[in-house]
$ cat start_35.cif   # mmCIF, C-alpha atoms
data_run
loop_
_atom_site.label_atom_id
_atom_site.label_comp_id
_atom_site.auth_asym_id
_atom_site.auth_seq_id
_atom_site.Cartn_x
_atom_site.Cartn_y
_atom_site.Cartn_z
CA MET A 1 0.00 0.00 0.00
CA GLN A 2 2.86 2.32 0.91
CA GLN A 3 4.55 1.60 -2.40
CA LEU A 4 1.30 2.28 -4.27
CA GLU A 5 0.93 5.59 -2.49
CA GLN A 6 4.50 6.53 -3.29
CA GLU A 7 4.14 5.69 -6.98
CA VAL A 8 0.91 7.65 -7.33
CA ARG A 9 2.35 10.55 -5.36
CA GLN A 10 5.46 10.66 -7.57
CA PHE A 11 3.36 10.67 -10.74
CA ILE A 12 1.40 13.65 -9.42
CA ILE A 13 4.56 15.53 -8.47
CA ASP A 14 6.15 14.81 -11.87
CA ASN A 15 3.10 15.81 -13.88
CA PHE A 16 0.89 18.27 -12.02
CA VAL A 17 3.01 20.13 -9.50
CA PHE A 18 4.68 23.00 -11.28
CA GLU A 19 8.05 24.46 -10.39
CA ASN A 20 8.20 26.72 -7.31
CA SER A 21 5.61 24.53 -5.69
CA ASN A 22 7.39 22.45 -3.07
CA GLY A 23 5.12 19.47 -3.53
CA SER A 24 4.05 19.77 0.08
CA PHE A 25 0.75 17.98 0.09
CA SER A 26 -0.25 15.02 2.19
CA ASN A 27 -1.54 11.75 0.83
CA GLU A 28 -4.89 12.57 2.44
CA ASP A 29 -5.29 16.05 0.94
CA SER A 30 -8.40 16.39 -1.22
CA PHE A 31 -7.56 17.27 -4.82
CA LEU A 32 -10.93 19.01 -5.19
CA GLU A 33 -10.40 21.19 -2.16
CA THR A 34 -6.76 22.02 -2.83
CA GLY A 35 -7.10 22.32 -6.60
CA LEU A 36 -3.99 20.20 -6.92
CA VAL A 37 -5.45 17.94 -9.59
CA ASP A 38 -8.24 19.23 -11.83
CA SER A 39 -10.70 17.29 -13.98
CA MET A 40 -8.38 17.37 -17.00
CA SER A 41 -5.54 15.98 -14.90
CA ILE A 42 -7.80 13.28 -13.48
CA MET A 43 -8.07 11.85 -17.01
CA THR A 44 -4.27 11.59 -17.21
CA LEU A 45 -4.07 10.10 -13.72
CA VAL A 46 -6.69 7.47 -14.58
CA GLU A 47 -4.72 6.40 -17.66
CA PHE A 48 -1.50 6.19 -15.69
CA VAL A 49 -3.17 3.96 -13.09
CA ARG A 50 -4.91 1.82 -15.69
CA GLU A 51 -1.70 1.19 -17.65
CA LYS A 52 0.71 0.84 -14.76
CA TYR A 53 -1.39 -1.57 -12.73
CA ALA A 54 -3.17 -3.24 -15.69
CA ILE A 55 -6.62 -2.83 -14.18
CA SER A 56 -9.85 -1.89 -15.91
CA ILE A 57 -11.67 1.17 -14.61
CA GLU A 58 -15.39 1.52 -15.22
CA ASP A 59 -16.98 4.91 -15.83
CA GLU A 60 -19.01 4.52 -12.61
CA GLU A 61 -15.74 4.22 -10.66
CA LEU A 62 -14.53 7.66 -11.74
CA VAL A 63 -15.80 9.34 -8.60
CA PRO A 64 -14.05 11.38 -5.85
CA ASP A 65 -14.51 8.50 -3.39
CA HIS A 66 -11.85 6.62 -5.36
CA TRP A 67 -9.76 9.44 -6.88
CA ASP A 68 -9.78 12.52 -4.68
CA SER A 69 -6.48 11.92 -2.87
CA VAL A 70 -3.32 9.84 -3.13
CA SER A 71 -4.59 7.54 -0.36
CA ARG A 72 -7.97 7.02 -1.99
CA ILE A 73 -6.35 6.11 -5.30
CA ALA A 74 -3.98 3.68 -3.58
CA CYS A 75 -6.91 2.04 -1.76
CA PHE A 76 -8.87 1.75 -4.96
CA VAL A 77 -5.95 0.23 -6.87
CA GLN A 78 -5.19 -2.18 -4.04
CA SER A 79 -8.78 -3.38 -3.94
CA ARG A 80 -8.80 -3.91 -7.72
CA LEU A 81 -5.46 -5.73 -7.61
CA GLY A 82 -6.82 -7.91 -4.84
CA LEU A 83 -9.78 -8.77 -7.04
CA VAL A 84 -7.47 -9.52 -10.00
CA GLU A 85 -5.30 -11.81 -7.87
CA ALA A 86 -8.37 -13.60 -6.49
CA SER A 87 -9.79 -14.24 -9.95
CA GLN A 88 -6.43 -15.48 -11.23
CA GLN A 89 -6.28 -17.87 -8.24
CA ASN A 90 -9.78 -19.13 -9.06
CA VAL A 91 -8.72 -19.77 -12.65
CA SER A 92 -5.57 -21.71 -11.62
CA ASP A 93 -7.53 -23.69 -8.96
CA GLY A 94 -10.09 -24.58 -11.61
CA ALA A 95 -7.36 -25.80 -13.95
CA MET B 1 -24.21 31.67 2.06
CA LYS B 2 -26.21 34.82 2.76
CA ALA B 3 -29.98 34.53 3.20
CA SER B 4 -32.02 35.50 0.18
CA LEU B 5 -34.22 38.55 0.55
CA PHE B 6 -36.90 37.45 -1.85
CA LYS B 7 -38.86 34.32 -2.63
CA PHE B 8 -36.97 32.43 -5.30
CA SER B 9 -39.11 31.15 -8.16
CA PRO B 10 -38.72 30.47 -11.89
CA ASN B 11 -40.10 33.99 -12.46
CA VAL B 12 -36.95 35.63 -11.09
CA LEU B 13 -35.64 35.67 -14.65
CA ASP B 14 -38.64 37.52 -16.11
CA ILE B 15 -37.66 40.82 -17.73
CA ASP B 16 -39.47 43.88 -19.02
CA CYS B 17 -38.60 43.25 -22.66
CA ALA B 18 -39.46 46.72 -23.92
CA LYS B 19 -37.29 48.33 -21.28
CA VAL B 20 -34.40 45.91 -21.76
CA THR B 21 -34.56 46.31 -25.54
CA ALA B 22 -34.46 50.09 -25.30
CA ALA B 23 -31.46 49.96 -22.96
CA LEU B 24 -29.65 47.48 -25.22
CA GLU B 25 -30.24 49.63 -28.29
CA GLU B 26 -28.83 52.71 -26.60
CA SER B 27 -25.78 50.82 -25.36
CA ILE B 28 -25.11 49.24 -28.75
CA ARG B 29 -25.22 52.64 -30.47
CA GLU B 30 -22.86 54.10 -27.90
CA ILE B 31 -20.45 51.17 -28.21
CA VAL B 32 -20.46 50.74 -32.01
CA PHE B 33 -20.68 54.36 -33.17
CA HIS B 34 -18.83 56.19 -30.41
CA ARG B 35 -16.57 53.86 -28.49
CA LEU B 36 -15.49 51.63 -31.40
CA ARG B 37 -16.17 54.25 -34.11
CA LYS B 38 -17.52 51.69 -36.53
CA LYS B 39 -20.35 52.00 -39.05
CA GLY B 40 -22.30 48.86 -38.19
CA ALA B 41 -22.13 45.27 -36.95
CA VAL B 42 -21.32 41.86 -38.40
CA VAL B 43 -23.17 38.92 -36.86
CA GLY B 44 -22.39 35.25 -37.51
CA LEU B 45 -25.83 33.70 -38.03
CA SER B 46 -26.13 30.08 -36.91
CA GLY B 47 -29.90 29.77 -37.05
CA GLY B 48 -29.95 29.63 -33.25
CA ILE B 49 -31.66 31.91 -30.76
CA ASP B 50 -28.58 33.80 -29.57
CA SER B 51 -27.32 34.97 -32.96
CA SER B 52 -30.91 35.68 -34.06
CA VAL B 53 -31.58 37.92 -31.06
CA THR B 54 -28.17 39.57 -31.43
CA ALA B 55 -28.87 40.37 -35.08
CA ALA B 56 -32.38 41.59 -34.26
CA ILE B 57 -31.25 43.92 -31.50
CA CYS B 58 -28.36 45.26 -33.61
CA ALA B 59 -30.72 45.93 -36.52
CA ARG B 60 -33.02 47.90 -34.23
CA ALA B 61 -30.15 49.79 -32.65
CA LEU B 62 -28.10 50.58 -35.74
CA GLY B 63 -30.54 50.23 -38.61
CA LYS B 64 -30.96 47.12 -40.75
CA ASP B 65 -28.62 48.45 -43.43
CA ARG B 66 -25.85 48.58 -40.87
CA VAL B 67 -26.01 44.90 -39.92
CA PHE B 68 -24.40 42.19 -42.04
CA GLY B 69 -25.12 38.52 -41.41
CA VAL B 70 -22.60 35.80 -42.26
CA MET B 71 -23.83 32.22 -42.51
CA MET B 72 -21.06 29.64 -42.36
CA PRO B 73 -22.14 26.01 -42.79
CA GLU B 74 -19.66 23.14 -42.85
CA ASN B 75 -19.74 19.40 -43.49
CA ASP B 76 -21.27 18.49 -40.11
CA SER B 77 -23.83 21.31 -39.95
CA SER B 78 -27.47 20.47 -39.61
CA GLY B 79 -29.43 21.41 -42.73
CA ASP B 80 -31.81 23.34 -40.50
CA SER B 81 -29.11 25.79 -39.47
CA LEU B 82 -28.77 27.50 -42.83
CA ASN B 83 -32.51 27.55 -43.45
CA LEU B 84 -33.23 29.12 -40.09
CA ALA B 85 -30.41 31.65 -40.45
CA ARG B 86 -31.84 32.71 -43.82
CA LEU B 87 -35.30 32.92 -42.31
CA VAL B 88 -34.27 35.32 -39.54
CA ALA B 89 -32.22 37.42 -41.97
CA ASP B 90 -35.27 37.75 -44.24
CA VAL B 91 -37.48 38.73 -41.33
CA LEU B 92 -34.96 41.36 -40.20
CA GLY B 93 -34.27 42.60 -43.72
CA ILE B 94 -30.48 42.52 -43.28
CA LYS B 95 -27.94 41.75 -45.99
CA THR B 96 -26.16 38.41 -45.70
CA THR B 97 -23.69 36.11 -47.34
CA VAL B 98 -23.11 32.36 -47.17
CA GLU B 99 -19.54 31.15 -46.71
CA ASP B 100 -19.23 27.37 -46.83
CA ILE B 101 -16.25 26.67 -44.57
CA GLY B 102 -16.23 22.91 -45.22
CA PRO B 103 -13.47 23.03 -47.87
CA THR B 104 -11.32 25.30 -45.68
CA LEU B 105 -11.72 22.95 -42.73
CA GLU B 106 -10.77 20.01 -44.94
CA VAL B 107 -7.59 21.72 -46.06
CA LEU B 108 -6.70 22.47 -42.43
CA GLY B 109 -7.24 18.81 -41.61
CA CYS B 110 -10.03 19.56 -39.14
CA TYR B 111 -12.05 16.46 -39.97
CA GLN B 112 -8.98 14.24 -40.47
CA ARG B 113 -7.43 15.25 -37.16
CA ARG B 114 -10.71 14.70 -35.33
CA ASP B 115 -11.20 11.28 -36.90
CA ASP B 116 -7.60 10.29 -36.16
CA ALA B 117 -8.17 11.22 -32.52
CA ILE B 118 -11.35 9.17 -32.31
CA ARG B 119 -9.54 6.20 -33.87
CA LYS B 120 -7.26 6.17 -30.82
CA VAL B 121 -10.21 4.79 -28.88
CA ILE B 122 -12.39 3.35 -31.66
CA PRO B 123 -9.90 1.94 -34.21
CA GLU B 124 -12.59 1.04 -36.75
CA TYR B 125 -13.97 4.63 -36.90
CA GLY B 126 -13.85 5.92 -40.47
CA GLN B 127 -15.73 6.86 -43.62
CA GLY B 128 -19.47 7.02 -43.10
CA TRP B 129 -19.28 7.03 -39.31
CA LYS B 130 -20.81 9.83 -37.23
CA SER B 131 -19.85 10.94 -33.75
CA LYS B 132 -20.26 13.30 -30.83
CA ILE B 133 -18.66 13.65 -27.43
CA VAL B 134 -20.72 13.47 -24.26
CA LEU B 135 -20.38 13.85 -20.50
CA PRO B 136 -21.87 11.53 -17.88
CA ASN B 137 -24.89 12.82 -16.00
CA LEU B 138 -23.06 15.03 -13.53
CA VAL B 139 -26.12 15.87 -11.49
CA GLU B 140 -27.36 12.32 -10.95
CA SER B 141 -23.92 11.02 -9.96
CA SER B 142 -20.70 12.39 -8.53
CA GLN B 143 -18.66 11.22 -11.51
CA TYR B 144 -15.91 13.41 -12.85
CA ALA B 145 -16.56 15.33 -16.04
CA ILE B 146 -14.70 12.89 -18.27
CA PHE B 147 -15.85 12.72 -21.87
CA SER B 148 -16.79 9.69 -23.90
CA VAL B 149 -17.15 9.54 -27.63
CA VAL B 150 -20.44 8.18 -29.00
CA ALA B 151 -20.03 6.88 -32.53
CA GLN B 152 -22.48 5.47 -35.02
CA SER B 153 -21.28 3.11 -37.75
CA PRO B 154 -22.66 3.32 -41.29
CA SER B 155 -24.90 0.35 -40.44
CA GLY B 156 -26.33 2.21 -37.45
CA GLU B 157 -24.47 0.38 -34.68
CA MET B 158 -23.76 2.69 -31.72
CA LYS B 159 -20.58 2.59 -29.63
CA LYS B 160 -19.68 4.61 -26.56
CA VAL B 161 -16.07 4.67 -25.40
CA ARG B 162 -14.38 6.81 -22.76
CA LEU B 163 -11.82 9.20 -24.26
CA THR B 164 -8.23 9.27 -23.12
CA ALA B 165 -6.89 12.70 -22.17
CA GLU B 166 -4.83 12.80 -25.36
CA ALA B 167 -7.73 11.83 -27.62
CA TYR B 168 -10.10 14.29 -25.92
CA LEU B 169 -7.70 17.21 -26.32
CA GLU B 170 -7.09 16.30 -29.96
CA VAL B 171 -10.82 16.05 -30.74
CA VAL B 172 -11.47 19.46 -29.16
CA ALA B 173 -8.41 21.02 -30.80
CA ALA B 174 -9.63 19.77 -34.19
CA THR B 175 -13.24 20.88 -33.81
CA ASN B 176 -12.14 24.28 -32.47
CA PHE B 177 -11.00 25.04 -36.02
CA LYS B 178 -14.69 25.52 -36.87
CA GLN B 179 -15.29 28.38 -34.44
CA ARG B 180 -11.95 30.02 -35.27
CA ILE B 181 -12.44 29.93 -39.04
CA ARG B 182 -15.93 31.38 -38.63
CA LYS B 183 -14.50 34.23 -36.60
CA THR B 184 -11.82 34.82 -39.24
CA LEU B 185 -14.56 35.33 -41.84
CA GLU B 186 -16.61 37.58 -39.58
CA TYR B 187 -13.60 39.83 -39.13
CA HIS B 188 -12.92 39.78 -42.87
CA HIS B 189 -16.36 41.23 -43.54
CA ALA B 190 -16.06 43.60 -40.61
CA ASP B 191 -12.75 44.89 -41.98
CA ARG B 192 -14.08 45.51 -45.49
CA LEU B 193 -17.30 47.16 -44.22
CA TRP B 194 -15.69 49.02 -41.30
CA PHE B 195 -18.14 47.27 -39.01
CA ALA B 196 -17.69 45.85 -35.51
CA VAL B 197 -18.05 42.11 -34.84
CA ALA B 198 -20.89 41.25 -32.50
CA GLY B 199 -20.36 38.21 -30.32
CA THR B 200 -23.39 36.17 -29.43
CA PRO B 201 -22.78 34.39 -26.10
CA ASN B 202 -25.50 34.46 -23.48
CA ARG B 203 -24.65 34.70 -19.78
CA LEU B 204 -24.55 30.98 -19.14
CA GLU B 205 -22.07 30.47 -21.99
CA TYR B 206 -19.98 33.54 -21.18
CA ALA B 207 -19.78 32.90 -17.44
CA GLN B 208 -19.18 29.17 -17.76
CA GLY B 209 -16.54 29.39 -20.48
CA PHE B 210 -18.61 27.68 -23.13
CA PHE B 211 -16.73 29.23 -26.05
CA VAL B 212 -13.53 28.80 -28.02
CA LYS B 213 -10.69 31.24 -27.37
CA ASN B 214 -10.21 33.32 -30.51
CA GLY B 215 -13.21 31.54 -31.93
CA ASP B 216 -16.73 32.41 -30.85
CA GLY B 217 -15.12 33.91 -27.74
CA SER B 218 -13.70 36.72 -29.81
CA ALA B 219 -15.73 39.84 -30.65
CA ASP B 220 -15.70 43.62 -30.46
CA PHE B 221 -18.82 43.66 -28.34
CA LYS B 222 -21.14 41.08 -26.81
CA PRO B 223 -24.60 42.59 -26.37
CA ILE B 224 -26.34 39.64 -24.71
CA ALA B 225 -23.49 38.24 -22.57
CA HIS B 226 -25.14 39.56 -19.38
CA LEU B 227 -28.52 37.97 -20.19
CA TYR B 228 -29.56 34.51 -19.02
CA LYS B 229 -30.60 32.15 -21.82
CA THR B 230 -34.19 32.26 -20.58
CA GLN B 231 -34.12 36.04 -20.95
CA VAL B 232 -32.70 35.76 -24.47
CA TYR B 233 -35.74 33.66 -25.37
CA GLN B 234 -38.04 36.30 -23.88
CA LEU B 235 -36.36 38.94 -26.00
CA GLY B 236 -36.59 36.69 -29.03
CA ARG B 237 -40.36 36.52 -28.64
CA HIS B 238 -40.57 40.26 -28.11
CA LEU B 239 -38.40 41.03 -31.15
CA GLY B 240 -40.32 38.75 -33.50
CA VAL B 241 -37.70 36.04 -33.98
CA PRO B 242 -39.41 33.27 -35.99
CA GLU B 243 -41.20 30.59 -34.02
CA GLU B 244 -39.11 27.82 -35.60
CA ILE B 245 -36.01 29.32 -33.99
CA LEU B 246 -37.71 29.88 -30.65
CA ARG B 247 -38.78 26.23 -30.59
CA ARG B 248 -35.45 24.74 -31.72
CA PRO B 249 -33.57 22.88 -28.91
CA PRO B 250 -30.14 24.44 -28.27
CA THR B 251 -27.51 22.46 -30.13
CA THR B 252 -23.78 22.76 -30.51
CA ASP B 253 -24.14 21.98 -34.26
CA THR B 254 -20.47 20.97 -34.14
CA TYR B 255 -20.50 17.18 -34.35
CA SER B 256 -21.91 14.87 -37.01
CA LEU B 257 -24.25 13.23 -34.49
CA GLU B 258 -26.76 15.68 -33.09
CA GLN B 259 -25.49 16.88 -29.73
CA SER B 260 -27.37 18.93 -27.18
CA GLN B 261 -25.56 21.56 -25.15
CA GLU B 262 -26.66 19.59 -22.11
CA GLU B 263 -24.76 16.48 -23.24
CA PHE B 264 -21.67 18.43 -24.14
CA TYR B 265 -21.24 21.00 -21.45
CA PHE B 266 -24.10 21.85 -19.14
CA ALA B 267 -25.44 19.24 -16.82
CA LEU B 268 -29.07 20.30 -16.88
CA PRO B 269 -31.60 21.68 -19.36
CA LEU B 270 -30.63 25.27 -19.92
CA ASP B 271 -33.64 26.80 -18.18
CA LYS B 272 -32.72 24.94 -14.98
CA MET B 273 -29.04 25.81 -15.37
CA ASP B 274 -30.05 29.45 -15.68
CA LEU B 275 -31.96 29.30 -12.41
CA CYS B 276 -29.06 27.58 -10.64
CA LEU B 277 -26.60 30.16 -11.96
CA TYR B 278 -28.91 32.99 -10.94
CA GLY B 279 -29.40 31.43 -7.52
CA LYS B 280 -25.69 31.01 -6.98
CA ASN B 281 -24.97 34.56 -8.15
CA HIS B 282 -27.50 35.93 -5.67
CA GLY B 283 -26.55 33.78 -2.70
CA VAL B 284 -29.76 31.77 -2.73
CA ALA B 285 -29.66 28.64 -0.58
CA PRO B 286 -29.69 25.37 -2.55
CA ASP B 287 -32.93 24.12 -1.03
CA GLU B 288 -34.77 27.25 -2.22
CA VAL B 289 -33.46 26.78 -5.74
CA ALA B 290 -34.21 23.06 -5.50
CA THR B 291 -37.92 23.73 -5.10
CA ALA B 292 -37.97 26.03 -8.11
CA VAL B 293 -36.07 23.67 -10.44
CA GLY B 294 -37.59 20.43 -9.23
CA LEU B 295 -34.33 18.86 -8.04
CA SER B 296 -33.13 17.76 -4.63
CA SER B 297 -31.10 20.19 -2.56
CA GLU B 298 -28.15 17.80 -2.81
CA LYS B 299 -28.26 17.97 -6.61
CA VAL B 300 -28.43 21.75 -6.62
CA GLN B 301 -25.38 21.78 -4.36
CA ARG B 302 -23.65 19.60 -6.91
CA VAL B 303 -24.61 22.05 -9.66
CA TYR B 304 -23.30 24.93 -7.55
CA ALA B 305 -20.00 23.09 -7.16
CA MET B 306 -19.87 22.49 -10.93
CA ILE B 307 -20.50 26.17 -11.61
CA ASP B 308 -17.57 27.09 -9.38
CA SER B 309 -15.39 24.44 -10.95
CA LYS B 310 -16.08 25.74 -14.46
CA LEU B 311 -15.56 29.36 -13.38
CA ASN B 312 -12.12 28.41 -12.11
CA SER B 313 -11.07 26.12 -14.92
CA THR B 314 -12.17 28.50 -17.70
CA HIS B 315 -10.95 31.72 -16.09
CA TYR B 316 -7.98 31.82 -18.45
CA LEU B 317 -10.35 32.18 -21.43
CA HIS B 318 -11.31 35.64 -20.23
CA LEU B 319 -7.78 36.89 -19.67
CA PRO B 320 -6.25 39.38 -22.07
CA SER B 321 -2.77 38.73 -23.39
CA GLN B 322 -0.38 38.69 -20.45
CA LEU B 323 2.33 41.35 -20.61
CA ILE B 324 5.58 41.18 -18.68
CA GLU B 325 5.39 44.90 -17.96
CA PRO B 326 2.52 47.31 -18.58
CA VAL B 327 2.61 49.42 -21.74
CA ASP B 328 1.44 52.65 -20.16
CA GLU B 329 0.67 54.58 -23.30
CA VAL B 330 -1.92 51.93 -24.23
CA THR B 331 -3.31 51.52 -20.73
CA ALA B 332 -3.66 55.28 -20.34
CA THR B 333 -6.07 55.60 -23.24
CA HIS B 334 -8.62 53.17 -21.70
#
$ encode --input "start_35.cif" --output "structure tokens"
Amino acid sequence: MQQLEQEVRQFIIDNFVFENSNGSFSNEDSFLETGLVDSMSIMTLVEFVREKYAISIEDEELVPDHWDSVSRIACFVQSRLGLVEASQQNVSDGA
Amino acid sequence: MKASLFKFSPNVLDIDCAKVTAALEESIREIVFHRLRKKGAVVGLSGGIDSSVTAAICARALGKDRVFGVMMPENDSSGDSLNLARLVADVLGIKTTVEDIGPTLEVLGCYQRRDDAIRKVIPEYGQGWKSKIVLPNLVESSQYAIFSVVAQSPSGEMKKVRLTAEAYLEVVAATNFKQRIRKTLEYHHADRLWFAVAGTPNRLEYAQGFFVKNGDGSADFKPIAHLYKTQVYQLGRHLGVPEEILRRPPTTDTYSLEQSQEEFYFALPLDKMDLCLYGKNHGVAPDEVATAVGLSSEKVQRVYAMIDSKLNSTHYLHLPSQLIEPVDEVTATH
């Protein structure tokens, strides 16, 4: 989980935090409230997460509950990875 | 949020059309003749209510011989648009011209670039397909405003796919050619006639950044930018805009599949968006607005948040060119 948070945080710093900003935001800070990541940037963040972690993301899952902070994104990814691992285990057990 | 001092109802947007018209006419004359020192106004006529009312009010203010209408269809335009634009021009008695911008857009690669962008998410998209881009229902859910492309194959099969950031930006960048080329032609006619270019945004569009920078966002004056869409319709009735235009649902007329402004940009029917914008501007509590628009208080709060979000994200569209240091001799004359 910590590694997930760090990877997401680094992507945000590399892509959305402009120079002169010291990147001082916590993993719990709300993007909506701080304006750190806007709706355009959310699209880029979603693609990064989808490609890096090879998970599918449904339209209905594109909500602040899952995406409004580094921690929320990490939790969402972890839960999806957990589901992916479980289904892969089911497939191999079945074989 | 401060308490409202009056009972909020759908009638808050009612205007005294005769009074508003008279005030608009006086202001337009002052702006065009005295401030801008031009002889008349050019109006891009789309066949929609905003450009029709703008042309009508300019004709009354300046005289019909001092208003020139430019109709600019392209490959994706609805056939109705040109017919309705001609209709209002005939009713007003203004001179017009038709400039088909389809060939120009083709040369610029507008359609090719847009189609290439769509193919990034729908690889089979091509000749004979139609498309539009849409938002999720932002009032019914808390989803982010992330666009999908809706495409129809030549056989009628419909597909809806979420756009990547890259594809979305490329689709918008390609379709923005349309508004910018139209504005180029409006200024061409304005230059040769020594007229001013009238912009046609209503308040909802102007305030919420629903325009293209240096496209329909560009103009010498914008006579209805302070008026809510509902009020523009009231004026349209008062000024004798043809019924067909008054009845026509607002459309972007930008994509090959018919696309409402609600699907593309605003989350609600425009009359409800107007009331929400008015309510927010006047510090009306969401539950008061909710009763008037027939939504829950929670949904109105969501609309209020969306209004703020758009105000912030489109603020840059209203900025003039940014100078490093002021040029005093220019600033001093304003």
$ residues_near_point --input "start_35.cif" --point "(-29.1, 39.7, -34.9)" --cutoff "9 Å" --atoms "all atoms listed in the file" --output "JSON, numbers by chain"
{"B": [42, 43, 44, 45, 50, 51, 52, 53, 54, 55, 56, 57, 58, 59, 67, 68, 69, 88, 89, 92, 94, 198, 200]}
$ resolve_selection --input "start_35.cif" --expression "the PyMOL selection byres ((chain A) within 8 of (chain B))" --output "list of chain:residue names"
A:Ser39, A:Met40, A:Met43, A:Thr44, A:Glu47, A:Asp59, A:Glu60, A:Glu61, A:Leu62, A:Val63, A:Pro64
$ residues_around --input "start_35.cif" --residues "B:Arg29" --least-positions-apart "4" --cutoff "12 Å" --atoms "only C-alpha atoms" --output "list in words"
Ala22, Ala23, Leu24, Glu25, Phe33, His34, Arg35, Leu36, Arg37, Lys38, Lys39, Gly40, Ala41, Ile57, Cys58, Ala59, Arg60, Ala61, Leu62, Gly63, Arg66, Ala196, Phe221 and Pro223 of chain B
$ resolve_selection --input "start_35.cif" --expression "the PyMOL selection byres ((chain B and resi 225) around 7)" --output "ChimeraX atom specification"
/B:201-203,206,222-224,226-227
$ resolve_selection --input "start_35.cif" --expression "the PyMOL selection byres ((chain B and resi 154-157) around 10)" --output "PDB file with C-alpha atoms, in the coordinates of the input"
ATOM      1  CA  TYR B 125     -13.970   4.630 -36.900  1.00  0.00           C
ATOM      2  CA  GLY B 126     -13.850   5.920 -40.470  1.00  0.00           C
ATOM      3  CA  GLN B 127     -15.730   6.860 -43.620  1.00  0.00           C
ATOM      4  CA  GLY B 128     -19.470   7.020 -43.100  1.00  0.00           C
ATOM      5  CA  TRP B 129     -19.280   7.030 -39.310  1.00  0.00           C
ATOM      6  CA  LYS B 130     -20.810   9.830 -37.230  1.00  0.00           C
ATOM      7  CA  ALA B 151     -20.030   6.880 -32.530  1.00  0.00           C
ATOM      8  CA  GLN B 152     -22.480   5.470 -35.020  1.00  0.00           C
ATOM      9  CA  SER B 153     -21.280   3.110 -37.750  1.00  0.00           C
ATOM     10  CA  MET B 158     -23.760   2.690 -31.720  1.00  0.00           C
ATOM     11  CA  LYS B 159     -20.580   2.590 -29.630  1.00  0.00           C
TER      12      LYS B 159
END
$ residues_around --input "start_35.cif" --residues "A:Ser26" --least-positions-apart "6" --cutoff "10 Å" --atoms "only C-alpha atoms" --output "MDAnalysis selection string"
chainID A and resid 9 69:71
$ write_last_selection --input "start_35.cif" --atoms "C-alpha atoms" --output "PDB file, in the frame of the given file"
ATOM      1  CA  ARG A   9       2.350  10.550  -5.360  1.00  0.00           C
ATOM      2  CA  SER A  69      -6.480  11.920  -2.870  1.00  0.00           C
ATOM      3  CA  VAL A  70      -3.320   9.840  -3.130  1.00  0.00           C
ATOM      4  CA  SER A  71      -4.590   7.540  -0.360  1.00  0.00           C
TER       5      SER A  71
END
$ residues_around --input "start_35.cif" --residues "A:Phe16" --least-positions-apart "5" --cutoff "10 Å" --atoms "all atoms listed in the file" --output "list of chain:residue names"
A:Gln10, A:Phe11, A:Gly23, A:Leu36, A:Val37, A:Asp38, A:Ser41, A:Thr44, A:Leu45
$ atom_distance --input "start_35.cif" --atom1 "atom CA of B:Ala85" --atom2 "atom CA of B:Trp194"
22.8 Å
$ build_atoms --input "start_35.cif" --residues "stretch 184-194 of chain B" --atoms "N, CA and C atoms" --output "mmCIF file, keeping the file's coordinate frame"
data_model
loop_
_atom_site.group_PDB
_atom_site.id
_atom_site.type_symbol
_atom_site.label_atom_id
_atom_site.label_comp_id
_atom_site.auth_asym_id
_atom_site.auth_seq_id
_atom_site.Cartn_x
_atom_site.Cartn_y
_atom_site.Cartn_z
ATOM 1 N N THR B 184 -12.707 34.226 -38.232
ATOM 2 C CA THR B 184 -11.820 34.820 -39.240
ATOM 3 C C THR B 184 -12.663 35.467 -40.347
ATOM 4 N N LEU B 185 -13.708 34.789 -40.777
ATOM 5 C CA LEU B 185 -14.560 35.330 -41.840
ATOM 6 C C LEU B 185 -15.389 36.506 -41.340
ATOM 7 N N GLU B 186 -15.857 36.438 -40.113
ATOM 8 C CA GLU B 186 -16.610 37.580 -39.580
ATOM 9 C C GLU B 186 -15.730 38.829 -39.574
ATOM 10 N N TYR B 187 -14.490 38.669 -39.166
ATOM 11 C CA TYR B 187 -13.600 39.830 -39.130
ATOM 12 C C TYR B 187 -13.208 40.281 -40.541
ATOM 13 N N HIS B 188 -13.164 39.360 -41.479
ATOM 14 C CA HIS B 188 -12.920 39.780 -42.870
ATOM 15 C C HIS B 188 -14.012 40.742 -43.322
ATOM 16 N N HIS B 189 -15.252 40.360 -43.121
ATOM 17 C CA HIS B 189 -16.360 41.230 -43.540
ATOM 18 C C HIS B 189 -16.409 42.509 -42.721
ATOM 19 N N ALA B 190 -16.089 42.408 -41.452
ATOM 20 C CA ALA B 190 -16.060 43.600 -40.610
ATOM 21 C C ALA B 190 -14.991 44.575 -41.105
ATOM 22 N N ASP B 191 -13.845 44.029 -41.484
ATOM 23 C CA ASP B 191 -12.750 44.890 -41.980
ATOM 24 C C ASP B 191 -13.174 45.601 -43.253
ATOM 25 N N ARG B 192 -13.784 44.884 -44.190
ATOM 26 C CA ARG B 192 -14.080 45.510 -45.490
ATOM 27 C C ARG B 192 -15.259 46.486 -45.380
ATOM 28 N N LEU B 193 -16.131 46.289 -44.393
ATOM 29 C CA LEU B 193 -17.300 47.160 -44.220
ATOM 30 C C LEU B 193 -17.068 48.262 -43.187
ATOM 31 N N TRP B 194 -15.990 48.175 -42.451
ATOM 32 C CA TRP B 194 -15.690 49.020 -41.300
ATOM 33 C C TRP B 194 -16.778 48.854 -40.231
#
